[in-house]
Amino acid sequence: IVDLGCGVGRLAFPAAMAMPEATIIGVDISRAALDALEAYADAIDADNVCSVMGDGRTLPDEAMGVDAVFSFGMFQEIPWATAWGYIRCIARALLPGGVVRLQFVEGDQAVEGDHRYPTERVAEALERFGLAVMAIDRGLVQADWSFITARKAH
């Protein structure tokens, strides 16, 4: 399972504890965040959590051939062209039957550090790359936050 934009692992560790049989691969562009994630994994003996340095535009080879990808708090930081590229990479990375769950801020804005996308645009990108949208959840955390879940065909 890939935690895309994992930071220090605030979601990677609960996922690892809930699914001890899974390997959680944290991907981030911040070496400092990944160092903190690795130090905490060592401190709590979470041997099913590892980290991979990302380039901020694509998924590294170590994140290919996975059952699931999730991302929380990252897509609002990146412009649409980068988000679109990540969606393309996620579709390639997922094994058949794999699932992706992305959180993004709904809207239509492109300001550095505050990017918002229409839900339809995200859904269309997922579907373009062969991922069938299964659910769209709006307002679960903040009124303008949306979560979209899609699956790769078997």
# chains A, B, ... in the order shown; residues from 1 in each chain; ligands from 1

$ residues_around --residues "A:Leu102" --least-positions-apart "4" --cutoff "7 Å" --atoms "only C-alpha atoms" --output "PyMOL selection string"
chain A and resi 70-72+147-149

$ write_last_selection --atoms "N, CA, C and O atoms" --output "compact mmCIF listing (two decimals), in the first residue's frame"
# COMPACT_ATOMS: atom_id res chain seq x y z
N PHE A 70 -3.11 5.53 -1.39
CA PHE A 70 -3.96 6.58 -0.82
C PHE A 70 -3.13 7.84 -0.66
O PHE A 70 -1.91 7.81 -0.56
N SER A 71 -3.84 8.95 -0.69
CA SER A 71 -3.17 10.24 -0.51
C SER A 71 -4.12 11.17 0.21
O SER A 71 -5.29 11.31 -0.15
N PHE A 72 -3.60 11.79 1.25
CA PHE A 72 -4.39 12.73 2.06
C PHE A 72 -3.54 13.97 2.29
O PHE A 72 -2.43 13.88 2.78
N PHE A 147 -13.21 13.09 -1.22
CA PHE A 147 -12.45 11.86 -1.33
C PHE A 147 -13.05 11.08 -2.49
O PHE A 147 -14.26 10.99 -2.62
N ILE A 148 -12.18 10.56 -3.32
CA ILE A 148 -12.65 9.76 -4.47
C ILE A 148 -11.94 8.42 -4.42
O ILE A 148 -10.73 8.35 -4.16
N THR A 149 -12.71 7.37 -4.63
CA THR A 149 -12.19 6.00 -4.59
C THR A 149 -12.42 5.38 -5.96
O THR A 149 -13.52 5.48 -6.51

$ residues_around --residues "A:Leu131" --least-positions-apart "5" --cutoff "6 Å" --atoms "only C-alpha atoms" --output "list in words"
Leu126, Ala150, Arg151 and Lys152 of chain A

$ write_last_selection --atoms "C-alpha atoms" --output "short mmCIF file (atom, residue, chain, number, x, y, z; two decimals), in the first residue's frame"
data_model
loop_
_atom_site.label_atom_id
_atom_site.label_comp_id
_atom_site.auth_asym_id
_atom_site.auth_seq_id
_atom_site.Cartn_x
_atom_site.Cartn_y
_atom_site.Cartn_z
CA LEU A 126 -9.12 8.37 -13.10
CA ALA A 150 -11.51 4.05 -7.79
CA ARG A 151 -10.55 0.51 -8.71
CA LYS A 152 -8.42 -0.93 -11.48
#

$ closest_residue --among "A:Ala125, A:Ala43, A:Ala32, A:Val66" --to "A:Gly98" --atoms "only C-alpha atoms"
A:Val66

$ residues_around --residues "stretch 108-124 of chain A" --least-positions-apart "3" --cutoff "7 Å" --atoms "only C-alpha atoms" --output "PyMOL selection string"
chain A and resi 76-79+105+127-128+133

$ write_last_selection --atoms "N, CA and C atoms" --output "mmCIF file, in the first residue's frame"
data_model
loop_
_atom_site.group_PDB
_atom_site.id
_atom_site.type_symbol
_atom_site.label_atom_id
_atom_site.label_comp_id
_atom_site.auth_asym_id
_atom_site.auth_seq_id
_atom_site.Cartn_x
_atom_site.Cartn_y
_atom_site.Cartn_z
ATOM 1 N N GLN A 76 -3.909 19.151 -2.756
ATOM 2 C CA GLN A 76 -4.156 20.597 -2.711
ATOM 3 C C GLN A 76 -2.870 21.416 -2.785
ATOM 4 N N GLU A 77 -1.742 20.744 -2.695
ATOM 5 C CA GLU A 77 -0.445 21.418 -2.760
ATOM 6 C C GLU A 77 0.121 21.484 -4.175
ATOM 7 N N ILE A 78 -0.462 20.731 -5.107
ATOM 8 C CA ILE A 78 0.151 20.588 -6.426
ATOM 9 C C ILE A 78 -0.779 21.078 -7.528
ATOM 10 N N PRO A 79 -0.201 21.613 -8.608
ATOM 11 C CA PRO A 79 -1.021 22.056 -9.744
ATOM 12 C C PRO A 79 -1.648 20.869 -10.475
ATOM 13 N N VAL A 105 -9.175 19.074 -2.504
ATOM 14 C CA VAL A 105 -10.091 20.161 -2.166
ATOM 15 C C VAL A 105 -10.877 20.490 -3.422
ATOM 16 N N GLU A 127 -10.821 7.752 -14.707
ATOM 17 C CA GLU A 127 -11.446 6.885 -15.700
ATOM 18 C C GLU A 127 -10.632 6.828 -16.994
ATOM 19 N N ARG A 128 -10.026 7.938 -17.368
ATOM 20 C CA ARG A 128 -9.196 7.959 -18.581
ATOM 21 C C ARG A 128 -8.070 6.928 -18.506
ATOM 22 N N VAL A 133 -14.430 4.710 -11.054
ATOM 23 C CA VAL A 133 -14.801 5.420 -9.833
ATOM 24 C C VAL A 133 -15.871 4.617 -9.094
#

$ select_by_dssp --residues "chain A" --states "strand (DSSP E)" --output "VMD selection string"
chain A and resid 2 to 4 24 to 28 49 to 53 66 to 71 94 to 105 109 to 111 114 to 116 131 to 138 145 to 152

$ closest_residue --among "A:Ala93, A:Ala16, A:Ile25, A:Gly139" --to "A:Met64" --atoms "only C-alpha atoms"
A:Ala93

$ residues_around --residues "A:Val2" --least-positions-apart "6" --cutoff "7 Å" --atoms "only C-alpha atoms" --output "PDB file with N, CA, C and O atoms, in the first residue's frame"
ATOM      1  N   ILE A  24       3.444  -0.946   4.108  1.00  0.00           N
ATOM      2  CA  ILE A  24       3.062   0.433   3.824  1.00  0.00           C
ATOM      3  C   ILE A  24       4.313   1.152   3.324  1.00  0.00           C
ATOM      4  O   ILE A  24       5.317   1.229   4.031  1.00  0.00           O
ATOM      5  N   ILE A  25       4.226   1.686   2.097  1.00  0.00           N
ATOM      6  CA  ILE A  25       5.346   2.392   1.478  1.00  0.00           C
ATOM      7  C   ILE A  25       5.026   3.877   1.493  1.00  0.00           C
ATOM      8  O   ILE A  25       4.143   4.330   0.767  1.00  0.00           O
ATOM      9  N   GLY A  26       5.709   4.610   2.336  1.00  0.00           N
ATOM     10  CA  GLY A  26       5.528   6.056   2.395  1.00  0.00           C
ATOM     11  C   GLY A  26       6.369   6.738   1.338  1.00  0.00           C
ATOM     12  O   GLY A  26       7.575   6.499   1.262  1.00  0.00           O
ATOM     13  N   ALA A  63       7.360   1.871  -5.707  1.00  0.00           N
ATOM     14  CA  ALA A  63       5.928   2.012  -5.445  1.00  0.00           C
ATOM     15  C   ALA A  63       5.082   1.413  -6.566  1.00  0.00           C
ATOM     16  O   ALA A  63       3.888   1.671  -6.651  1.00  0.00           O
ATOM     17  N   ALA A  68      -2.845  -0.981  -3.354  1.00  0.00           N
ATOM     18  CA  ALA A  68      -3.609   0.224  -3.025  1.00  0.00           C
ATOM     19  C   ALA A  68      -2.687   1.427  -2.939  1.00  0.00           C
ATOM     20  O   ALA A  68      -1.502   1.304  -2.625  1.00  0.00           O
ATOM     21  N   VAL A  69      -3.274   2.584  -3.227  1.00  0.00           N
ATOM     22  CA  VAL A  69      -2.600   3.874  -3.070  1.00  0.00           C
ATOM     23  C   VAL A  69      -3.595   4.797  -2.389  1.00  0.00           C
ATOM     24  O   VAL A  69      -4.772   4.822  -2.754  1.00  0.00           O
ATOM     25  N   PHE A  70      -3.111   5.534  -1.393  1.00  0.00           N
ATOM     26  CA  PHE A  70      -3.960   6.582  -0.825  1.00  0.00           C
ATOM     27  C   PHE A  70      -3.133   7.844  -0.661  1.00  0.00           C
ATOM     28  O   PHE A  70      -1.913   7.806  -0.558  1.00  0.00           O
TER      29      PHE A  70
END

$ atom_distance --atom1 "atom CA of A:Asp144" --atom2 "atom CA of A:Ala81"
20.8 Å

$ select_by_dssp --residues "chain A" --states "helix (DSSP H, G or I)" --output "ChimeraX atom specification"
/A:12-18,31-43,61-63,75-77,80-93,119-128

$ atom_distance --atom1 "atom CA of A:Asp35" --atom2 "atom CA of A:Trp80"
28.2 Å
